[in-house]
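Undergrad: This is model.cif, which holds mmCIF, C-alpha atoms:
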data_target
loop_
_atom_site.label_atom_id
_atom_site.label_comp_id
_atom_site.auth_asym_id
_atom_site.auth_seq_id
_atom_site.Cartn_x
_atom_site.Cartn_y
_atom_site.Cartn_z
CA MET T 80 7.20 -25.23 39.02
CA THR T 81 10.53 -23.88 37.89
CA PRO T 82 13.41 -24.85 40.22
CA GLY T 83 14.63 -22.02 42.43
CA LEU T 84 11.32 -20.15 42.32
CA ARG T 85 10.76 -17.99 45.38
CA GLY T 86 7.39 -17.80 47.02
CA ALA T 87 5.30 -14.65 46.96
CA ALA T 88 1.97 -13.74 48.47
CA ASP T 89 -0.58 -11.01 48.09
CA ALA T 90 -2.29 -9.18 50.92
CA THR T 91 -4.65 -12.12 51.51
CA GLY T 92 -1.85 -14.68 51.62
CA THR T 93 -2.79 -16.20 48.29
CA GLY T 94 0.18 -17.26 46.20
CA VAL T 95 0.99 -14.99 43.30
CA VAL T 96 3.73 -15.21 40.69
CA LEU T 97 3.73 -11.54 39.69
CA GLN T 98 2.79 -8.50 41.70
CA THR T 99 3.14 -4.73 41.44
CA ARG T 100 2.51 -2.16 44.15
CA GLY T 101 2.08 1.50 43.24
CA LEU T 102 4.26 0.96 40.17
CA GLY T 103 4.86 4.10 38.14
CA LYS T 104 7.08 5.45 35.40
CA THR T 105 7.48 9.04 34.28
CA TYR T 106 9.68 10.73 31.69
CA GLY T 107 10.03 14.30 32.87
CA HIS T 108 6.48 15.62 33.01
CA ALA T 109 5.10 12.80 30.85
CA VAL T 110 3.43 10.01 32.81
CA ALA T 111 3.70 6.60 31.13
CA LEU T 112 2.34 4.54 34.04
CA ARG T 113 0.83 5.53 37.34
CA ASP T 114 0.11 3.66 40.60
CA LEU T 115 -0.24 0.18 39.09
CA ASP T 116 -1.41 -2.50 41.53
CA LEU T 117 -1.61 -5.84 39.76
CA ALA T 118 -1.31 -9.51 40.73
CA LEU T 119 -1.04 -12.60 38.55
CA ALA T 120 -2.02 -15.94 40.09
CA PRO T 121 -0.62 -19.36 39.20
CA GLY T 122 -2.58 -21.08 36.46
CA GLU T 123 -4.25 -18.05 34.89
CA VAL T 124 -4.08 -16.01 31.71
CA PHE T 125 -4.38 -12.29 32.39
CA GLY T 126 -5.33 -10.13 29.43
CA TYR T 127 -3.72 -6.70 29.71
CA LEU T 128 -5.76 -4.47 27.44
CA GLY T 129 -5.48 -0.92 26.26
CA PRO T 130 -5.11 1.24 23.15
CA ASN T 131 -1.71 1.92 21.67
CA GLY T 132 0.20 4.29 23.92
CA ALA T 133 -1.74 3.35 27.06
CA GLY T 134 1.36 2.10 28.88
CA LYS T 135 1.19 -1.67 28.28
CA THR T 136 4.71 -2.04 26.86
CA THR T 137 6.12 0.22 29.59
CA THR T 138 4.60 -2.10 32.18
CA LEU T 139 6.12 -5.21 30.61
CA ARG T 140 9.55 -3.58 30.33
CA LEU T 141 9.38 -2.64 34.02
CA LEU T 142 8.49 -6.24 34.91
CA MET T 143 11.48 -7.53 32.94
CA GLY T 144 13.91 -5.04 34.52
CA LEU T 145 14.48 -3.24 31.23
CA LEU T 146 13.29 0.03 32.76
CA ARG T 147 13.82 1.40 36.25
CA PRO T 148 10.57 2.39 37.97
CA THR T 149 10.09 5.98 39.05
CA ARG T 150 8.06 4.79 42.03
CA GLY T 151 6.58 1.64 43.48
CA SER T 152 7.81 -1.92 43.08
CA ALA T 153 7.32 -5.08 41.04
CA GLN T 154 8.06 -8.69 41.90
CA VAL T 155 8.13 -11.58 39.46
CA CYS T 156 8.47 -15.15 40.76
CA GLY T 157 9.48 -13.65 44.12
CA TYR T 158 12.32 -11.52 42.70
CA ASP T 159 12.50 -7.75 42.54
CA ALA T 160 12.06 -6.88 38.87
CA TRP T 161 14.71 -4.17 38.88
CA ARG T 162 17.31 -5.24 41.46
CA GLU T 163 17.14 -8.95 40.59
CA SER T 164 16.29 -8.78 36.91
CA PRO T 165 18.72 -11.58 35.85
CA ALA T 166 16.88 -13.97 38.17
CA VAL T 167 13.54 -12.79 36.83
CA ARG T 168 14.62 -13.54 33.27
CA ARG T 169 15.54 -17.10 34.21
CA HIS T 170 11.93 -17.74 35.20
CA VAL T 171 10.12 -15.82 32.46
CA GLY T 172 9.52 -16.44 28.79
CA PHE T 173 9.39 -12.93 27.32
CA LEU T 174 8.17 -11.76 23.93
CA PRO T 175 8.83 -8.03 23.37
CA GLY T 176 6.55 -5.94 21.22
CA GLU T 177 9.30 -5.50 18.63
CA PRO T 178 11.49 -8.62 18.74
CA ALA T 179 15.14 -8.09 17.78
CA LEU T 180 16.65 -10.96 15.79
CA TYR T 181 20.13 -11.43 14.34
CA PRO T 182 19.60 -10.99 10.59
CA THR T 183 22.22 -13.51 9.41
CA LEU T 184 21.36 -16.28 11.89
CA THR T 185 18.89 -19.01 11.03
CA GLY T 186 16.15 -20.06 13.40
CA SER T 187 18.20 -23.06 14.53
CA GLN T 188 21.21 -20.84 15.23
CA HIS T 189 19.03 -18.47 17.29
CA ILE T 190 17.85 -21.45 19.34
CA ASP T 191 21.42 -22.70 19.90
CA TYR T 192 22.69 -19.25 20.85
CA LEU T 193 19.92 -18.39 23.32
CA SER T 194 20.04 -21.86 24.84
CA HIS T 195 23.78 -21.34 25.42
CA LEU T 196 23.08 -17.99 27.11
CA ARG T 197 20.70 -19.79 29.47
CA GLY T 198 23.43 -22.33 30.19
CA ALA T 199 21.54 -25.21 28.64
CA GLU T 200 21.66 -27.54 25.70
CA PRO T 201 19.36 -26.59 22.79
CA TYR T 202 15.82 -27.14 23.99
CA PRO T 203 14.10 -30.08 22.21
CA SER T 204 10.80 -28.28 22.71
CA ALA T 205 11.96 -25.59 20.27
CA LEU T 206 11.75 -28.04 17.36
CA VAL T 207 8.27 -29.10 18.43
CA LEU T 208 7.15 -25.47 18.72
CA ALA T 209 8.54 -24.63 15.29
CA GLU T 210 6.67 -27.57 13.77
CA ARG T 211 3.41 -26.61 15.46
CA LEU T 212 3.75 -23.03 14.24
CA ASP T 213 4.82 -24.18 10.75
CA LEU T 214 8.17 -22.39 10.91
CA ASP T 215 11.23 -23.33 8.81
CA LEU T 216 14.27 -23.04 11.11
CA ARG T 217 16.80 -23.24 8.25
CA THR T 218 16.14 -19.72 6.92
CA PRO T 219 18.10 -16.61 8.04
CA SER T 220 15.83 -14.25 9.91
CA ARG T 221 16.41 -11.44 7.39
CA ASP T 222 14.72 -13.62 4.74
CA LEU T 223 11.67 -14.38 6.86
CA SER T 224 8.32 -12.67 6.43
CA LYS T 225 6.98 -10.55 9.30
CA GLY T 226 4.72 -13.40 10.39
CA ASN T 227 7.56 -15.94 10.39
CA ARG T 228 9.84 -13.58 12.32
CA GLN T 229 7.08 -13.36 14.92
CA LYS T 230 6.86 -17.16 14.98
CA LEU T 231 10.60 -17.42 15.58
CA ALA T 232 10.40 -14.89 18.42
CA LEU T 233 7.58 -16.94 19.95
CA VAL T 234 9.62 -20.14 19.72
CA LEU T 235 12.49 -18.41 21.53
CA ALA T 236 10.14 -17.10 24.23
CA LEU T 237 8.34 -20.39 24.81
CA MET T 238 11.09 -22.98 24.36
CA ALA T 239 12.53 -22.94 27.93
CA PRO T 240 10.52 -24.36 30.87
CA THR T 241 9.42 -21.19 32.69
CA GLN T 242 6.78 -20.33 35.25
CA VAL T 243 5.56 -17.12 33.61
CA LEU T 244 5.04 -16.02 30.02
CA ILE T 245 4.99 -12.25 29.41
CA LEU T 246 3.84 -11.67 25.85
CA ASP T 247 3.54 -8.22 24.25
CA GLU T 248 1.10 -8.28 21.29
CA PRO T 249 2.03 -11.91 20.51
CA THR T 250 -0.31 -12.42 17.55
CA SER T 251 1.02 -9.43 15.60
CA GLY T 252 1.58 -10.54 12.01
CA LEU T 253 0.43 -14.13 12.59
CA ASP T 254 -2.01 -15.83 10.24
CA PRO T 255 -5.27 -17.19 11.76
CA LEU T 256 -3.98 -20.78 12.03
CA ALA T 257 -0.84 -19.68 13.85
CA GLN T 258 -2.93 -17.48 16.16
CA GLN T 259 -5.13 -20.44 17.01
CA GLU T 260 -2.10 -22.63 17.72
CA LEU T 261 -0.60 -19.96 19.96
CA HIS T 262 -3.81 -19.86 21.99
CA VAL T 263 -3.57 -23.63 22.43
CA LEU T 264 0.07 -23.32 23.53
CA MET T 265 -0.85 -20.70 26.15
CA ARG T 266 -3.59 -22.91 27.53
CA GLU T 267 -1.21 -25.87 27.70
CA HIS T 268 1.26 -23.71 29.63
CA VAL T 269 -1.48 -22.78 32.12
CA ASP T 270 -2.63 -26.40 32.44
CA ARG T 271 0.92 -27.25 33.56
CA GLY T 272 0.59 -24.69 36.36
CA GLY T 273 2.16 -21.73 34.57
CA SER T 274 0.79 -18.22 34.15
CA VAL T 275 0.50 -15.83 31.21
CA LEU T 276 0.43 -12.03 31.10
CA LEU T 277 -0.82 -11.16 27.63
CA SER T 278 -0.92 -7.58 26.38
CA SER T 279 -3.08 -6.58 23.45
CA HIS T 280 -5.22 -3.76 22.10
CA VAL T 281 -7.69 -6.25 20.56
CA LEU T 282 -10.33 -7.56 22.97
CA GLY T 283 -11.53 -10.20 20.52
CA GLU T 284 -8.10 -11.86 20.69
CA VAL T 285 -7.85 -11.78 24.48
CA GLN T 286 -11.34 -13.07 25.20
CA ARG T 287 -10.51 -16.42 23.55
CA VAL T 288 -7.88 -17.30 26.16
CA ALA T 289 -8.00 -14.94 29.17
CA ASP T 290 -9.42 -15.73 32.60
CA ARG T 291 -9.19 -12.14 33.82
CA VAL T 292 -8.76 -8.87 32.00
CA GLY T 293 -7.37 -5.52 33.04
CA LEU T 294 -8.05 -2.30 31.20
CA LEU T 295 -5.28 0.31 30.97
CA ARG T 296 -5.99 3.83 29.79
CA ARG T 297 -3.53 6.74 29.73
CA GLY T 298 -1.19 4.93 32.10
CA ARG T 299 -3.85 4.07 34.68
CA LEU T 300 -5.49 0.70 35.34
CA VAL T 301 -9.19 1.57 35.27
CA ALA T 302 -10.84 -1.86 35.48
CA VAL T 303 -9.97 -5.45 36.38
CA ASP T 304 -12.51 -8.23 36.14
CA ARG T 305 -13.03 -11.87 35.35
CA LEU T 306 -14.04 -12.42 31.77
CA ASP T 307 -17.13 -14.43 32.71
CA ALA T 308 -18.26 -11.61 35.05
CA LEU T 309 -17.76 -9.09 32.27
CA ARG T 310 -19.90 -11.18 29.96
CA GLY T 311 -22.57 -11.25 32.68
CA ARG T 312 -22.71 -7.45 32.60
CA SER T 313 -22.62 -7.24 28.84
CA LEU T 314 -24.59 -4.51 27.13
CA HIS T 315 -27.83 -5.28 25.33
CA HIS T 316 -29.37 -3.25 22.53
CA VAL T 317 -33.08 -2.66 23.02
CA ARG T 318 -35.38 -1.43 20.29
CA ALA T 319 -39.14 -1.01 20.72
CA THR T 320 -41.94 0.48 18.61
CA PHE T 321 -45.28 1.61 20.03
CA ASP T 322 -48.79 2.43 18.86
CA VAL T 323 -48.54 5.76 20.69
CA GLU T 324 -45.90 8.33 21.45
CA VAL T 325 -44.12 7.65 24.77
CA PRO T 326 -42.28 10.06 27.09
CA ALA T 327 -38.53 9.68 27.46
CA SER T 328 -38.90 10.40 31.17
CA ALA T 329 -40.44 6.93 31.66
CA PHE T 330 -37.03 5.38 30.92
CA ALA T 331 -34.48 8.07 31.78
CA GLY T 332 -34.32 7.12 35.47
CA ILE T 333 -33.31 3.50 34.92
CA ASP T 334 -29.77 2.78 36.12
CA GLY T 335 -27.31 1.77 33.43
CA VAL T 336 -29.32 2.93 30.42
CA ARG T 337 -27.09 4.41 27.72
CA ASP T 338 -27.72 6.18 24.42
CA LEU T 339 -31.44 6.54 25.09
CA SER T 340 -33.43 7.84 22.11
CA VAL T 341 -37.22 8.20 22.17
CA GLY T 342 -39.36 9.60 19.38
CA ASP T 343 -41.53 8.80 16.38
CA HIS T 344 -43.29 5.97 18.22
CA SER T 345 -39.99 4.19 18.94
CA LEU T 346 -37.30 3.74 21.56
CA THR T 347 -33.69 2.62 21.31
CA CYS T 348 -31.12 2.26 24.07
CA ALA T 349 -28.26 0.15 25.37
CA ALA T 350 -28.31 -1.30 28.86
CA PRO T 351 -26.58 -3.94 30.97
CA GLU T 352 -28.30 -7.22 31.69
CA ALA T 353 -29.14 -6.12 35.23
CA SER T 354 -31.30 -3.26 33.92
CA LEU T 355 -33.40 -5.29 31.48
CA ASP T 356 -36.10 -6.20 34.00
CA ARG T 357 -36.84 -2.52 34.78
CA ILE T 358 -36.77 -1.64 31.08
CA VAL T 359 -39.30 -4.35 30.21
CA LYS T 360 -41.58 -3.25 33.05
CA ALA T 361 -41.39 0.35 31.82
CA LEU T 362 -42.13 -0.76 28.26
CA GLY T 363 -45.20 -2.63 29.54
CA GLN T 364 -46.90 0.65 30.45
CA PHE T 365 -47.43 1.40 26.76
CA PRO T 366 -49.05 -0.53 23.85
CA LEU T 367 -46.12 -2.30 22.17
CA ARG T 368 -46.01 -3.05 18.46
CA ASP T 369 -42.56 -4.67 18.30
CA LEU T 370 -39.61 -5.38 20.62
CA THR T 371 -36.08 -6.65 19.98
CA CYS T 372 -33.25 -7.16 22.44
CA THR T 373 -29.81 -8.30 21.25
CA GLU T 374 -26.58 -8.78 23.19
CA ALA T 375 -23.77 -6.44 22.18
CA GLU T 376 -20.31 -7.68 21.28
CA LEU T 377 -18.06 -8.02 24.30
CA GLU T 378 -15.76 -5.37 22.81
CA GLU T 379 -18.57 -2.81 22.99
CA THR T 380 -19.12 -3.65 26.65
CA PHE T 381 -15.45 -3.09 27.37
CA LEU T 382 -15.48 0.20 25.48
CA ALA T 383 -18.19 1.30 27.88
CA TYR T 384 -15.64 0.72 30.66
CA TYR T 385 -13.14 2.85 28.74
CA GLY T 386 -15.49 5.80 28.91
CA ARG T 387 -16.05 5.50 32.65
CA GLY T 388 -12.35 4.96 33.26
CA GLU T 389 -11.46 8.12 31.42
CA ASP T 390 -13.95 10.11 33.48
CA ASP T 391 -12.59 8.63 36.73
CA ALA T 392 -9.00 9.44 35.74
CA ALA T 393 -9.98 12.99 34.90
#
Output the file's structure as structure tokens, nothing else.
TA:
Amino acid sequence: MTPGLRGAADATGTGVVLQTRGLGKTYGHAVALRDLDLALAPGEVFGYLGPNGAGKTTTLRLLMGLLRPTRGSAQVCGYDAWRESPAVRRHVGFLPGEPALYPTLTGSQHIDYLSHLRGAEPYPSALVLAERLDLDLRTPSRDLSKGNRQKLALVLALMAPTQVLILDEPTSGLDPLAQQELHVLMREHVDRGGSVLLSSHVLGEVQRVADRVGLLRRGRLVAVDRLDALRGRSLHHVRATFDVEVPASAFAGIDGVRDLSVGDHSLTCAAPEASLDRIVKALGQFPLRDLTCTEAELEETFLAYYGRGEDDAA
């Protein structure tokens, strides 16, 4: 653990490295974030999901002390994110959504400069990170491609030994090999006892590395769950054909059934795993000709949460 790290605990007494309570941010009448309660445990990757404009970047800026909250509080590594933001930054590796680099400085010069700001010698790990991400540190940042600028920003965020990584859309512009290597680097950080808060609008990216996921919509956190639990409730697509016409009422009362369509000797619907037993029993009342049941992509399951979250917020 990083030297000087304060302890923190949630309501159950379990250690946490990041916690928000009723955190909110408004700009006049516009609400960017409302009543966020979130905790990040040691040794986990938390995927912070939501469409563009949902409030993900606002959250991360509040955690880094770059914005003052309108209400509520946030603690990172035991420090108040706003009042003690310099201490927070000593314990966090931060990648902003739009990294700002000095155009005339090379990658090596960026490393030297930021190491000096942290009061340290240039971090040897920076050279290792650059090699693993296939980044040439001799080139001025203005001459780098978008993907290589993102690699340099990642090297600068990951090079110091920190307890927490806060990464805003970290794979933006990266090629598939660099994305894969970044996922490995995040897992290595967690295996050493660190934690990662990873924001993204792409579920397929997050599901490769996250332990838990939170879903943000219109500034409100509408769902938090473990990824394995979410997979357990994944939607399934059911399609059946019959020798006779069947009434839709035989299936309409089954909990969890979505997009039910019955007609022309066929039935189609989507349903969570927990509803499949009742669906099969209902299908058994009629002479079946064919039946298929396929698991939906995890992204579709999460989009189902989006819909319910929006209704709850309304």
Undergrad: Selection in question (the file shown): the PyMOL selection byres ((chain T and resi 109-124) around 8). Which residues does it include, as a PyMOL selection string?
TA: chain T and resi 89+94-108+125-126+133-134+137-138+151+265+269-277+288-291+297-300
Undergrad: With distances taken over all atoms listed in the file, which of T:Leu306, T:Leu362, T:Leu212, T:Val281 is nearest to Ile333 (chain T)?
TA: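 Of the candidates, the smallest distance to Ile333 (chain T) is held by T:Leu362.
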Undergrad: Pick out the residues sitting within 12 Å of region 261-263 of chain T, and hand them over as a PyMOL selection string; count only C-alpha atoms, and ignore anything fewer than 6 positions along from it in its own chain.
TA: chain T and resi 124+208-209+211-213+229-230+233-234+236-237+246+248-251+253-255+269-270+275+277+284-289
Undergrad: Considering all atoms listed in the file, can you say which of T:His195, T:His344, T:Arg368, T:Arg162 comes closest to Ala239 (chain T)?
TA: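 Among T:His195, T:His344, T:Arg368, T:Arg162, it is T:His195 that comes nearest to Ala239 (chain T).
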Undergrad: What is the distance, in Å and to one decimal place, between CA of Val341 (chain T) and CA of Thr371 (chain T)?
TA: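 Taking CA of Val341 (chain T) and CA of Thr371 (chain T), their separation equals 15.1 Å.
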Undergrad: If I take CA of Ala319 (chain T) and CA of Gln364 (chain T), how far is one from the other in Å, to one decimal?
TA: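 So the two atoms, CA of Ala319 (chain T) and CA of Gln364 (chain T), lie 12.6 Å apart.
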Undergrad: Find the residues near Ser187 (chain T): any atom within 9 Å, counting all atoms listed in the file, skip ones fewer than 4 places away on the same chain, and give them as a list in words.
TA: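 Counting only the stated atoms, we get Asp191, Tyr192, Ala205, Leu206, Leu216, Arg217 and Thr218 of chain T.
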Undergrad: Carefully work through the PyMOL selection byres ((chain T and resi 331) around 12) for this structure and note down the residues it includes, as a PyMOL selection string.
TA: chain T and resi 325-330+332-341+346-350+354+357-358+361
